[in-house]
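Participant: Please see the structure below; I have some questions.
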Amino acid sequence: MLTLIGFTSCEDKITTVINSQALDGSLSFKLNQPRYANYVLDVANSSKDLDSLTCVQPAYGFTAAVTYSTQVCGNANFAAGTYQTLPTTVNGEKVGVSTKEMNKALIAFNGGAFSEPLSFKTVYVRLKAYVSDASYSAIKDSLIVKPLYSNVISLKIKPYIEPLDYYYNVTLRPWYIVGLGGKWDNSVAGLGSSLIPLSVINGKSYDPGTGDGTFATTVYIKSSDSFKLIRDVSAWSPSWAMTGGALKYNGNDNITVAADGWYTLTLNSIDNKLTIAATTAPTSNYAKIGLVGDFDNWGGNNEEFFTANTNAGGHLWYTTYTFAADNASDGGCKFRANSAWTDDWGAPSPDHRDDRYRLAGIGGYKGKNISFKKGSYTIIFNDIDGSYYFIKK
């Protein structure tokens with residue numbers, strides 16, 4: 001035991017005895033087995049708790065205001081990097097477990113997605129206890145009571161498949177065309193010049209758990225070109241290619257087309273379907289595309305111009321830019337053509353600086369200002385469909 005003595009006046013004395021196991025983190029505490037052993041999660045109840053876990057406060061040696069979080073794992077070992085800590089924390093010994101948070105943890109354990117038929121999964125659960133004000137003194141901020149962990153219990157839980165959502169509510173996982181014009185750099189340095197991201201589309205088409213969904217873009221392809229689609233920057237698998245002249249997931253041969261022309265590539269990375277269809281040429285052509293905003297006095301101070309990817313037909317533009325600060329409270333940025341306001345694109349939102357469209361969007365013609373954060377980005381803009389990406393470096 002450790003005894004702390006504090007004085008509040010010349011006559012008052014406060015003595016606190018702390019369990020030595022709380023000091024080194026070896027102290028455990030009792031997590032009770034809940035009333036049910038099996039749980040069926042339902043998207044209709046995703047905003048509710050699936051149940052509440054109860055525990056006995058750790059025997060710190062003093063009564064404490066304890067914050068608890070729920071941790072879940074695919075096995076009982078809880079080795080570093082193998083478990084998920086659910087975001088919600090609770091003060092007190094009755095800890096509600098969010099249905100939605102538990103389902104997301106199960107998705108992560110299952111490689112990012114579920115498919116039918118769904119089955120019960122064995123999940124191991126423990127609580128983490130933390131006393132935020134357990135420090136040596138009011139003027140010394142080093143904790144003397146370490147985070148503590150309960151015993152582990154097991155539950156059987158049947159998850160649900162996350163419903164598809166709009167792209168702006170999802171952390172996207174787009175696919176990239178690589179190889180047009182003989183450009184095969186699949187690294188971060190090749191973004192825009194060699195790696196061409198497929199654009200997002202409107203509608204509820206994206207899996208919140210994986211970022212997969214329907215992506216499409218229109219590019220110019222020569223019959224002499226060979227290319228493929230890859231999902232991950234700096235990796236060649238998974239990919240879309242060809243085998244025996246047919247489009248094939250992880251195929252052996254590069255993709256080719258029979259004739260020079262404009263083609264629309266549409267990939268549903270949930271259903272794993274790719275189509276390549278001939279289409280008409282774009283009717284609008286721009287000599288230059290620039291990025292303007294409060295960071296450069298809306299083009300008054302050295303407008304940031306993009307480079308056109310001529311290997312894809314000259315309608316895909318890219319640049320690398322470093323924002324020295326976040327956008328001003330009344331600022332933001334937009335894309336515009338030919339250093340004029342005849343043709344410009346902003347966020348597809350009724351409001352300026354809608355943060356849902358900060359990293360990706362289908363640029364609205366004459367749209368609202370796009371918010372931005374301090375940092376370096378590869379910025380890619382497609383003037384055919386208005387799609388844009390701000391990819392943090």
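Letters A, B, ... go to the chains of the structure tokens in the order shown; residues in each chain start at 1; ligands are counted from 1 in the same order.
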Would you list the contacts of segment 344-347 of chain A as a ChimeraX atom specification, taking every protein, DNA or RNA residue within 12 Å and counting only C-alpha atoms, but skipping same-chain residues closer than 2 positions in sequence?

Facilitator: /A:168,286,288-293,332-342,349-372,381-389

Participant: Generate a file of the selected residues that holds N, CA and C atoms, formatted as a compact mmCIF listing (two decimals), in the first residue's frame.

Facilitator:
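Below is the file part11.txt, written as the result:
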# COMPACT_ATOMS: atom_id res chain seq x y z
N TYR A 168 -20.11 10.73 -48.90
CA TYR A 168 -19.61 11.75 -47.97
C TYR A 168 -19.73 11.33 -46.51
N TYR A 286 -10.69 22.82 -71.46
CA TYR A 286 -10.12 23.94 -70.73
C TYR A 286 -8.61 23.98 -70.91
N LYS A 288 -6.56 25.54 -68.84
CA LYS A 288 -5.93 25.37 -67.53
C LYS A 288 -6.99 25.32 -66.44
N ILE A 289 -6.64 24.65 -65.35
CA ILE A 289 -7.48 24.56 -64.16
C ILE A 289 -6.63 25.03 -62.98
N GLY A 290 -7.23 25.85 -62.13
CA GLY A 290 -6.53 26.35 -60.97
C GLY A 290 -7.31 26.11 -59.69
N LEU A 291 -6.59 26.12 -58.57
CA LEU A 291 -7.19 26.06 -57.24
C LEU A 291 -7.03 27.43 -56.60
N VAL A 292 -8.14 28.00 -56.16
CA VAL A 292 -8.10 29.33 -55.55
C VAL A 292 -8.88 29.29 -54.24
N GLY A 293 -8.55 30.24 -53.36
CA GLY A 293 -9.24 30.31 -52.08
C GLY A 293 -8.66 31.40 -51.22
N GLY A 332 -12.26 29.16 -47.63
CA GLY A 332 -12.38 27.87 -48.30
C GLY A 332 -11.66 27.92 -49.62
N CYS A 333 -11.98 26.99 -50.52
CA CYS A 333 -11.32 26.97 -51.82
C CYS A 333 -12.30 26.45 -52.87
N LYS A 334 -11.95 26.68 -54.13
CA LYS A 334 -12.74 26.20 -55.27
C LYS A 334 -11.80 25.91 -56.43
N PHE A 335 -12.32 25.18 -57.39
CA PHE A 335 -11.61 24.95 -58.65
C PHE A 335 -12.20 25.90 -59.70
N ARG A 336 -11.34 26.41 -60.57
CA ARG A 336 -11.87 27.24 -61.65
C ARG A 336 -11.04 27.05 -62.92
N ALA A 337 -11.64 27.37 -64.05
CA ALA A 337 -11.00 27.18 -65.35
C ALA A 337 -10.50 28.51 -65.89
N ASN A 338 -9.31 28.47 -66.48
CA ASN A 338 -8.77 29.59 -67.25
C ASN A 338 -8.68 30.89 -66.47
N SER A 339 -8.41 30.79 -65.15
CA SER A 339 -8.22 31.96 -64.28
C SER A 339 -9.40 32.93 -64.32
N ALA A 340 -10.59 32.39 -64.51
CA ALA A 340 -11.79 33.23 -64.58
C ALA A 340 -12.91 32.52 -63.81
N TRP A 341 -14.00 33.25 -63.60
CA TRP A 341 -15.13 32.69 -62.86
C TRP A 341 -16.28 32.28 -63.79
N THR A 342 -15.95 32.12 -65.07
CA THR A 342 -16.96 31.63 -66.01
C THR A 342 -17.34 30.19 -65.68
N SER A 349 -22.94 21.24 -51.79
CA SER A 349 -23.64 21.38 -50.51
C SER A 349 -24.39 22.70 -50.50
N PRO A 350 -25.48 22.80 -49.74
CA PRO A 350 -26.16 24.09 -49.63
C PRO A 350 -25.38 25.10 -48.80
N ASP A 351 -24.36 24.62 -48.08
CA ASP A 351 -23.61 25.49 -47.17
C ASP A 351 -22.13 25.53 -47.55
N HIS A 352 -21.52 26.68 -47.34
CA HIS A 352 -20.07 26.78 -47.49
C HIS A 352 -19.37 25.95 -46.42
N ARG A 353 -18.19 25.44 -46.79
CA ARG A 353 -17.29 24.77 -45.85
C ARG A 353 -17.94 23.58 -45.13
N ASP A 354 -18.76 22.84 -45.84
CA ASP A 354 -19.36 21.61 -45.31
C ASP A 354 -18.25 20.56 -45.24
N ASP A 355 -17.88 20.17 -44.02
CA ASP A 355 -16.70 19.33 -43.86
C ASP A 355 -16.87 17.93 -44.42
N ARG A 356 -18.08 17.52 -44.73
CA ARG A 356 -18.29 16.20 -45.34
C ARG A 356 -17.65 16.10 -46.72
N TYR A 357 -17.44 17.25 -47.35
CA TYR A 357 -16.91 17.26 -48.72
C TYR A 357 -15.46 17.77 -48.77
N ARG A 358 -14.77 17.73 -47.63
CA ARG A 358 -13.42 18.30 -47.58
C ARG A 358 -12.41 17.46 -48.35
N LEU A 359 -12.50 16.13 -48.27
CA LEU A 359 -11.49 15.26 -48.87
C LEU A 359 -11.91 14.66 -50.20
N ALA A 360 -13.20 14.59 -50.45
CA ALA A 360 -13.67 14.02 -51.72
C ALA A 360 -15.06 14.54 -52.00
N GLY A 361 -15.38 14.66 -53.29
CA GLY A 361 -16.71 15.11 -53.63
C GLY A 361 -16.93 15.11 -55.13
N ILE A 362 -18.18 15.31 -55.50
CA ILE A 362 -18.53 15.57 -56.89
C ILE A 362 -18.76 17.07 -56.97
N GLY A 363 -17.77 17.77 -57.45
CA GLY A 363 -17.80 19.23 -57.41
C GLY A 363 -19.04 19.80 -58.05
N GLY A 364 -19.74 20.64 -57.32
CA GLY A 364 -20.92 21.28 -57.87
C GLY A 364 -20.53 22.46 -58.75
N TYR A 365 -21.07 22.53 -59.95
CA TYR A 365 -20.80 23.67 -60.83
C TYR A 365 -21.35 24.92 -60.16
N LYS A 366 -20.48 25.92 -59.97
CA LYS A 366 -20.82 27.13 -59.21
C LYS A 366 -21.19 26.78 -57.76
N GLY A 367 -20.55 25.75 -57.22
CA GLY A 367 -20.87 25.25 -55.89
C GLY A 367 -20.29 26.11 -54.78
N LYS A 368 -20.45 25.62 -53.56
CA LYS A 368 -20.02 26.33 -52.36
C LYS A 368 -18.53 26.13 -52.11
N ASN A 369 -17.97 26.97 -51.23
CA ASN A 369 -16.55 26.88 -50.90
C ASN A 369 -16.26 25.55 -50.21
N ILE A 370 -15.14 24.93 -50.58
CA ILE A 370 -14.69 23.66 -50.01
C ILE A 370 -13.78 23.97 -48.83
N SER A 371 -14.02 23.33 -47.70
CA SER A 371 -13.13 23.53 -46.55
C SER A 371 -11.80 22.81 -46.78
N PHE A 372 -10.75 23.28 -46.09
CA PHE A 372 -9.46 22.60 -46.15
C PHE A 372 -8.76 22.73 -44.80
N PHE A 381 -8.48 16.60 -59.75
CA PHE A 381 -9.77 17.13 -60.18
C PHE A 381 -10.08 16.62 -61.58
N ASN A 382 -11.32 16.17 -61.78
CA ASN A 382 -11.78 15.68 -63.08
C ASN A 382 -12.81 16.68 -63.60
N ASP A 383 -12.50 17.37 -64.70
CA ASP A 383 -13.42 18.42 -65.16
C ASP A 383 -14.61 17.86 -65.94
N ILE A 384 -14.63 16.54 -66.22
CA ILE A 384 -15.77 15.95 -66.90
C ILE A 384 -16.94 15.78 -65.93
N ASP A 385 -16.66 15.18 -64.76
CA ASP A 385 -17.74 14.92 -63.81
C ASP A 385 -17.64 15.79 -62.55
N GLY A 386 -16.59 16.63 -62.46
CA GLY A 386 -16.41 17.50 -61.31
C GLY A 386 -15.87 16.81 -60.07
N SER A 387 -15.54 15.53 -60.17
CA SER A 387 -15.06 14.78 -59.01
C SER A 387 -13.67 15.27 -58.58
N TYR A 388 -13.45 15.28 -57.26
CA TYR A 388 -12.16 15.72 -56.75
C TYR A 388 -11.76 14.90 -55.53
N TYR A 389 -10.45 14.82 -55.32
CA TYR A 389 -9.87 14.19 -54.12
C TYR A 389 -8.79 15.10 -53.56

Participant: Quick one: residues within 7 Å of Ser150 of chain A, only C-alpha atoms counted, chain neighbours fewer than 2 positions away excluded, as an MDAnalysis selection string?

Facilitator: chainID A and resid 28:31 126:128 148 152

Participant: Measuring between only C-alpha atoms, which one of A:Tyr68, A:Tyr220, A:Tyr166, A:Trp236 shows the shortest distance to Ala277 of chain A?

Facilitator: A:Tyr220

Participant: Name the residues of segment 185-389 of chain A that come out as strand (DSSP E) in a backbone DSSP run; write them as an MDAnalysis selection string.

Facilitator: chainID A and resid 196:197 199:200 214:221 228:230 239:243 246:249 261:268 273:279 289:293 304:305 307:308 316:323 333:337 344:346 360:362 364:365 375:382 387:389

Participant: When distances are computed from only C-alpha atoms, which of A:Lys273, A:Lys374, A:Lys156, A:Lys392 shows the smallest separation from Lys248 of chain A?

Facilitator: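 Among the listed residues, the smallest separation from Lys248 of chain A belongs to A:Lys273.
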
Participant: I want to know what sits within 6 Å of segment 90-101 of chain A, based on only C-alpha atoms, with residues of the same chain fewer than 4 positions away left out; could you give that as an MDAnalysis selection string?

Facilitator: chainID A and resid 46 49:55 66:68

Participant: Could you please take those selected residues and save all heavy atoms as an mmCIF file, in the first residue's frame?

Facilitator:
data_model
loop_
_atom_site.group_PDB
_atom_site.id
_atom_site.type_symbol
_atom_site.label_atom_id
_atom_site.label_comp_id
_atom_site.auth_asym_id
_atom_site.auth_seq_id
_atom_site.Cartn_x
_atom_site.Cartn_y
_atom_site.Cartn_z
ATOM 1 N N SER A 46 -29.669 0.044 -34.248
ATOM 2 C CA SER A 46 -28.245 0.394 -34.207
ATOM 3 C C SER A 46 -27.941 1.605 -33.338
ATOM 4 O O SER A 46 -26.816 1.776 -32.880
ATOM 5 C CB SER A 46 -27.727 0.641 -35.630
ATOM 6 O OG SER A 46 -28.417 1.720 -36.238
ATOM 7 N N ASP A 49 -28.289 0.614 -27.190
ATOM 8 C CA ASP A 49 -27.325 -0.302 -26.602
ATOM 9 C C ASP A 49 -27.834 -1.726 -26.720
ATOM 10 O O ASP A 49 -29.033 -1.992 -26.539
ATOM 11 C CB ASP A 49 -27.100 0.018 -25.120
ATOM 12 C CG ASP A 49 -26.320 1.311 -24.925
ATOM 13 O OD1 ASP A 49 -25.689 1.773 -25.892
ATOM 14 O OD2 ASP A 49 -26.342 1.848 -23.796
ATOM 15 N N LEU A 50 -26.928 -2.663 -27.011
ATOM 16 C CA LEU A 50 -27.342 -4.060 -27.060
ATOM 17 C C LEU A 50 -27.550 -4.615 -25.656
ATOM 18 O O LEU A 50 -28.346 -5.520 -25.433
ATOM 19 C CB LEU A 50 -26.340 -4.901 -27.852
ATOM 20 C CG LEU A 50 -24.911 -5.064 -27.304
ATOM 21 C CD1 LEU A 50 -24.813 -6.326 -26.457
ATOM 22 C CD2 LEU A 50 -23.925 -5.173 -28.467
ATOM 23 N N ASP A 51 -26.835 -4.058 -24.675
ATOM 24 C CA ASP A 51 -26.997 -4.433 -23.266
ATOM 25 C C ASP A 51 -26.095 -3.529 -22.432
ATOM 26 O O ASP A 51 -25.325 -2.720 -22.994
ATOM 27 C CB ASP A 51 -26.623 -5.907 -23.036
ATOM 28 C CG ASP A 51 -27.303 -6.510 -21.819
ATOM 29 O OD1 ASP A 51 -27.865 -5.737 -21.000
ATOM 30 O OD2 ASP A 51 -27.288 -7.745 -21.676
ATOM 31 N N SER A 52 -26.186 -3.682 -21.113
ATOM 32 C CA SER A 52 -25.290 -2.959 -20.204
ATOM 33 C C SER A 52 -24.451 -3.973 -19.446
ATOM 34 O O SER A 52 -24.970 -4.991 -18.947
ATOM 35 C CB SER A 52 -26.087 -2.099 -19.216
ATOM 36 O OG SER A 52 -26.735 -1.046 -19.882
ATOM 37 N N LEU A 53 -23.171 -3.719 -19.376
ATOM 38 C CA LEU A 53 -22.262 -4.530 -18.582
ATOM 39 C C LEU A 53 -22.126 -3.912 -17.204
ATOM 40 O O LEU A 53 -22.068 -2.684 -17.070
ATOM 41 C CB LEU A 53 -20.894 -4.611 -19.260
ATOM 42 C CG LEU A 53 -20.862 -5.181 -20.676
ATOM 43 C CD1 LEU A 53 -19.443 -5.113 -21.237
ATOM 44 C CD2 LEU A 53 -21.374 -6.610 -20.701
ATOM 45 N N THR A 54 -22.085 -4.754 -16.183
ATOM 46 C CA THR A 54 -21.912 -4.251 -14.819
ATOM 47 C C THR A 54 -20.632 -4.815 -14.230
ATOM 48 O O THR A 54 -20.187 -5.918 -14.593
ATOM 49 C CB THR A 54 -23.104 -4.636 -13.928
ATOM 50 O OG1 THR A 54 -23.200 -6.069 -13.857
ATOM 51 C CG2 THR A 54 -24.402 -4.045 -14.474
ATOM 52 N N CYS A 55 -20.047 -4.054 -13.332
ATOM 53 C CA CYS A 55 -18.792 -4.484 -12.722
ATOM 54 C C CYS A 55 -18.718 -3.991 -11.285
ATOM 55 O O CYS A 55 -19.540 -3.180 -10.837
ATOM 56 C CB CYS A 55 -17.598 -3.976 -13.524
ATOM 57 S SG CYS A 55 -17.397 -2.179 -13.477
ATOM 58 N N VAL A 66 -14.549 6.614 -11.607
ATOM 59 C CA VAL A 66 -13.872 5.785 -12.587
ATOM 60 C C VAL A 66 -14.557 5.907 -13.948
ATOM 61 O O VAL A 66 -15.785 5.901 -14.043
ATOM 62 C CB VAL A 66 -13.867 4.301 -12.154
ATOM 63 C CG1 VAL A 66 -13.047 3.460 -13.131
ATOM 64 C CG2 VAL A 66 -13.316 4.164 -10.743
ATOM 65 N N THR A 67 -13.745 6.020 -14.991
ATOM 66 C CA THR A 67 -14.237 5.997 -16.365
ATOM 67 C C THR A 67 -13.949 4.627 -16.957
ATOM 68 O O THR A 67 -12.833 4.115 -16.852
ATOM 69 C CB THR A 67 -13.554 7.086 -17.211
ATOM 70 O OG1 THR A 67 -13.842 8.362 -16.652
ATOM 71 C CG2 THR A 67 -14.048 7.050 -18.649
ATOM 72 N N TYR A 68 -14.973 4.038 -17.591
ATOM 73 C CA TYR A 68 -14.836 2.706 -18.167
ATOM 74 C C TYR A 68 -15.015 2.757 -19.680
ATOM 75 O O TYR A 68 -15.840 3.514 -20.192
ATOM 76 C CB TYR A 68 -15.877 1.740 -17.584
ATOM 77 C CG TYR A 68 -15.745 1.498 -16.108
ATOM 78 C CD1 TYR A 68 -16.451 2.277 -15.181
ATOM 79 C CD2 TYR A 68 -14.929 0.482 -15.621
ATOM 80 C CE1 TYR A 68 -16.339 2.046 -13.825
ATOM 81 C CE2 TYR A 68 -14.806 0.242 -14.260
ATOM 82 C CZ TYR A 68 -15.509 1.039 -13.362
ATOM 83 O OH TYR A 68 -15.392 0.820 -12.019
#

Participant: Please identify all polymer residues within 7 Å of Leu198 of chain A, counting only C-alpha atoms, omitting same-chain residues fewer than 4 positions from it, and present them as a short mmCIF file (atom, residue, chain, number, x, y, z; two decimals) with all heavy atoms, in the first residue's frame.

Facilitator:
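Below you can see result11.cif, which holds the result:
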data_model
loop_
_atom_site.label_atom_id
_atom_site.label_comp_id
_atom_site.auth_asym_id
_atom_site.auth_seq_id
_atom_site.Cartn_x
_atom_site.Cartn_y
_atom_site.Cartn_z
N PRO A 174 -11.16 4.13 -53.00
CA PRO A 174 -11.30 4.13 -54.45
C PRO A 174 -10.27 3.22 -55.13
O PRO A 174 -9.26 2.86 -54.54
CB PRO A 174 -11.05 5.60 -54.82
CG PRO A 174 -10.14 6.10 -53.75
CD PRO A 174 -10.57 5.38 -52.49
N TRP A 175 -10.55 2.87 -56.37
CA TRP A 175 -9.60 2.14 -57.21
C TRP A 175 -8.96 3.12 -58.20
O TRP A 175 -9.48 4.21 -58.45
CB TRP A 175 -10.31 1.02 -57.95
CG TRP A 175 -10.62 -0.16 -57.09
CD1 TRP A 175 -11.43 -0.20 -55.99
CD2 TRP A 175 -10.11 -1.49 -57.26
NE1 TRP A 175 -11.48 -1.47 -55.47
CE2 TRP A 175 -10.68 -2.29 -56.23
CE3 TRP A 175 -9.26 -2.09 -58.18
CZ2 TRP A 175 -10.39 -3.65 -56.10
CZ3 TRP A 175 -8.98 -3.45 -58.05
CH2 TRP A 175 -9.54 -4.21 -57.02
N TYR A 176 -7.81 2.69 -58.75
CA TYR A 176 -7.00 3.56 -59.60
C TYR A 176 -6.68 2.87 -60.92
O TYR A 176 -6.35 1.68 -60.96
CB TYR A 176 -5.68 3.93 -58.92
CG TYR A 176 -5.83 4.61 -57.59
CD1 TYR A 176 -6.00 3.87 -56.43
CD2 TYR A 176 -5.80 6.00 -57.48
CE1 TYR A 176 -6.14 4.49 -55.19
CE2 TYR A 176 -5.93 6.63 -56.25
CZ TYR A 176 -6.10 5.87 -55.12
OH TYR A 176 -6.23 6.48 -53.89
N PHE A 215 -17.62 3.14 -58.31
CA PHE A 215 -16.75 4.23 -58.76
C PHE A 215 -16.74 4.21 -60.30
O PHE A 215 -16.79 3.14 -60.91
CB PHE A 215 -15.32 4.05 -58.24
CG PHE A 215 -15.21 4.03 -56.73
CD1 PHE A 215 -15.38 2.85 -56.03
CD2 PHE A 215 -14.94 5.19 -56.04
CE1 PHE A 215 -15.27 2.82 -54.65
CE2 PHE A 215 -14.83 5.18 -54.66
CZ PHE A 215 -15.00 4.00 -53.96
N ALA A 216 -16.66 5.39 -60.90
CA ALA A 216 -16.68 5.45 -62.36
C ALA A 216 -15.90 6.66 -62.84
O ALA A 216 -15.87 7.70 -62.16
CB ALA A 216 -18.12 5.51 -62.88
N THR A 217 -15.28 6.55 -64.00
CA THR A 217 -14.62 7.71 -64.59
C THR A 217 -14.52 7.51 -66.09
O THR A 217 -14.57 6.38 -66.60
CB THR A 217 -13.23 7.93 -63.97
OG1 THR A 217 -12.81 9.26 -64.17
CG2 THR A 217 -12.19 6.99 -64.57
#

Participant: If I take atom CA of Asp165 of chain A and atom CA of Pro238 of chain A, how far is one from the other in Å, to one decimal?

Facilitator: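 Atom CA of Asp165 of chain A sits 23.6 Å away from atom CA of Pro238 of chain A.
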
Participant: Would you work out the distance separating atom CA of Ile157 of chain A from atom CA of Gly111 of chain A, expressed in Å to one decimal?

Facilitator: 16.6 Å

Participant: Counting only C-alpha atoms, which of A:Ile177, A:Leu41, A:Leu118, A:Leu191 gets nearest to Thr264 of chain A?

Facilitator: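 Looking only at the distances to Thr264 of chain A, the closest residue turns out to be A:Ile177.
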
Participant: Interatomic distance between atom CA of Asp343 of chain A and atom CA of Gly261 of chain A?

Facilitator: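 Calculated distance between atom CA of Asp343 of chain A and atom CA of Gly261 of chain A is 25.5 Å.
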
Participant: Which polymer residues have any atom within 9 Å of an atom of Gly182 of chain A, counting only C-alpha atoms, with same-chain residues fewer than 2 positions away left out, as a list in words?

Facilitator: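 Selected residues are Val178, Gly179, Leu180, Trp184, Ser194, Asp225, Ser226, Phe227 and Asn311 of chain A.
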
Participant: Within 6 Å of Trp317 of chain A, counting only C-alpha atoms, which residues show up once you throw out same-chain ones fewer than 2 positions away? Write them as a list of chain:residue names, please.

Facilitator: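 So the residues in contact are A:Phe306, A:Thr307, A:Ala308, A:Asn309, A:Ile380, A:Phe381.
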
Participant: Given the selection you just returned, output its residues as a file containing N, CA and C atoms, formatted as a JSON list (two decimals), in the first residue's frame.

Facilitator:
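Result file again_33.json:
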[["chain", "number", "residue", "atom", "x", "y", "z"],
["A", 306, "PHE", "N", -2.95, 23.40, -61.99],
["A", 306, "PHE", "CA", -2.84, 21.95, -62.06],
["A", 306, "PHE", "C", -2.12, 21.53, -63.34],
["A", 307, "THR", "N", -1.63, 20.31, -63.34],
["A", 307, "THR", "CA", -1.06, 19.69, -64.53],
["A", 307, "THR", "C", -2.10, 18.75, -65.13],
["A", 308, "ALA", "N", -2.31, 18.84, -66.42],
["A", 308, "ALA", "CA", -3.26, 17.95, -67.08],
["A", 308, "ALA", "C", -2.61, 16.60, -67.37],
["A", 309, "ASN", "N", -3.33, 15.53, -67.11],
["A", 309, "ASN", "CA", -2.85, 14.20, -67.47],
["A", 309, "ASN", "C", -3.26, 13.94, -68.92],
["A", 380, "ILE", "N", -6.55, 16.11, -56.87],
["A", 380, "ILE", "CA", -6.91, 15.60, -58.19],
["A", 380, "ILE", "C", -8.31, 16.07, -58.53],
["A", 381, "PHE", "N", -8.48, 16.60, -59.75],
["A", 381, "PHE", "CA", -9.77, 17.13, -60.18],
["A", 381, "PHE", "C", -10.08, 16.62, -61.58]]

Participant: So which residues touch Ile270 of chain A within 12 Å, counting only C-alpha atoms, skipping near sequence neighbours fewer than 3 positions away, as a list of chain:residue names?

Facilitator: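 That gives A:Gly112, A:Ala113, A:Phe114, A:Ser115, A:Leu164, A:Arg173, A:Pro174, A:Trp175, A:Ser205, A:Tyr206, A:Asp207, A:Pro208, A:Gly209, A:Thr210, A:Gly211, A:Asp212, A:Gly213, A:Thr214, A:Phe215, A:Leu267, A:Lys273, A:Leu274.
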
Participant: Keeping only C-alpha atoms, write the selected residues to a file as a short mmCIF file (atom, residue, chain, number, x, y, z; two decimals), in the first residue's frame.

Facilitator:
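Once written, result-v3.cif looks like this:
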data_model
loop_
_atom_site.label_atom_id
_atom_site.label_comp_id
_atom_site.auth_asym_id
_atom_site.auth_seq_id
_atom_site.Cartn_x
_atom_site.Cartn_y
_atom_site.Cartn_z
CA GLY A 112 -13.90 -5.36 -43.26
CA ALA A 113 -17.19 -6.91 -44.40
CA PHE A 114 -19.78 -9.62 -43.90
CA SER A 115 -21.74 -11.61 -46.45
CA LEU A 164 -24.89 1.33 -47.93
CA ARG A 173 -11.43 3.15 -50.77
CA PRO A 174 -11.30 4.13 -54.45
CA TRP A 175 -9.60 2.14 -57.21
CA SER A 205 -23.58 3.21 -53.01
CA TYR A 206 -20.82 2.83 -50.39
CA ASP A 207 -20.08 0.38 -47.59
CA PRO A 208 -19.31 2.27 -44.35
CA GLY A 209 -17.20 -0.61 -43.09
CA THR A 210 -14.86 -1.00 -46.06
CA GLY A 211 -15.17 2.16 -48.18
CA ASP A 212 -16.03 -0.02 -51.16
CA GLY A 213 -18.80 0.92 -53.57
CA THR A 214 -19.41 2.07 -57.13
CA PHE A 215 -16.75 4.23 -58.76
CA LEU A 267 -16.41 -0.59 -61.00
CA LYS A 273 -18.00 -6.11 -61.29
CA LEU A 274 -16.13 -3.99 -63.85
#

Participant: Point out the residue among A:Ala324, A:Ile201, A:Ala235, A:Val123 with the least atom-to-atom distance to Tyr377 of chain A, counting only C-alpha atoms.

Facilitator: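 Closest to Tyr377 of chain A, using only C-alpha atoms: A:Ala324.
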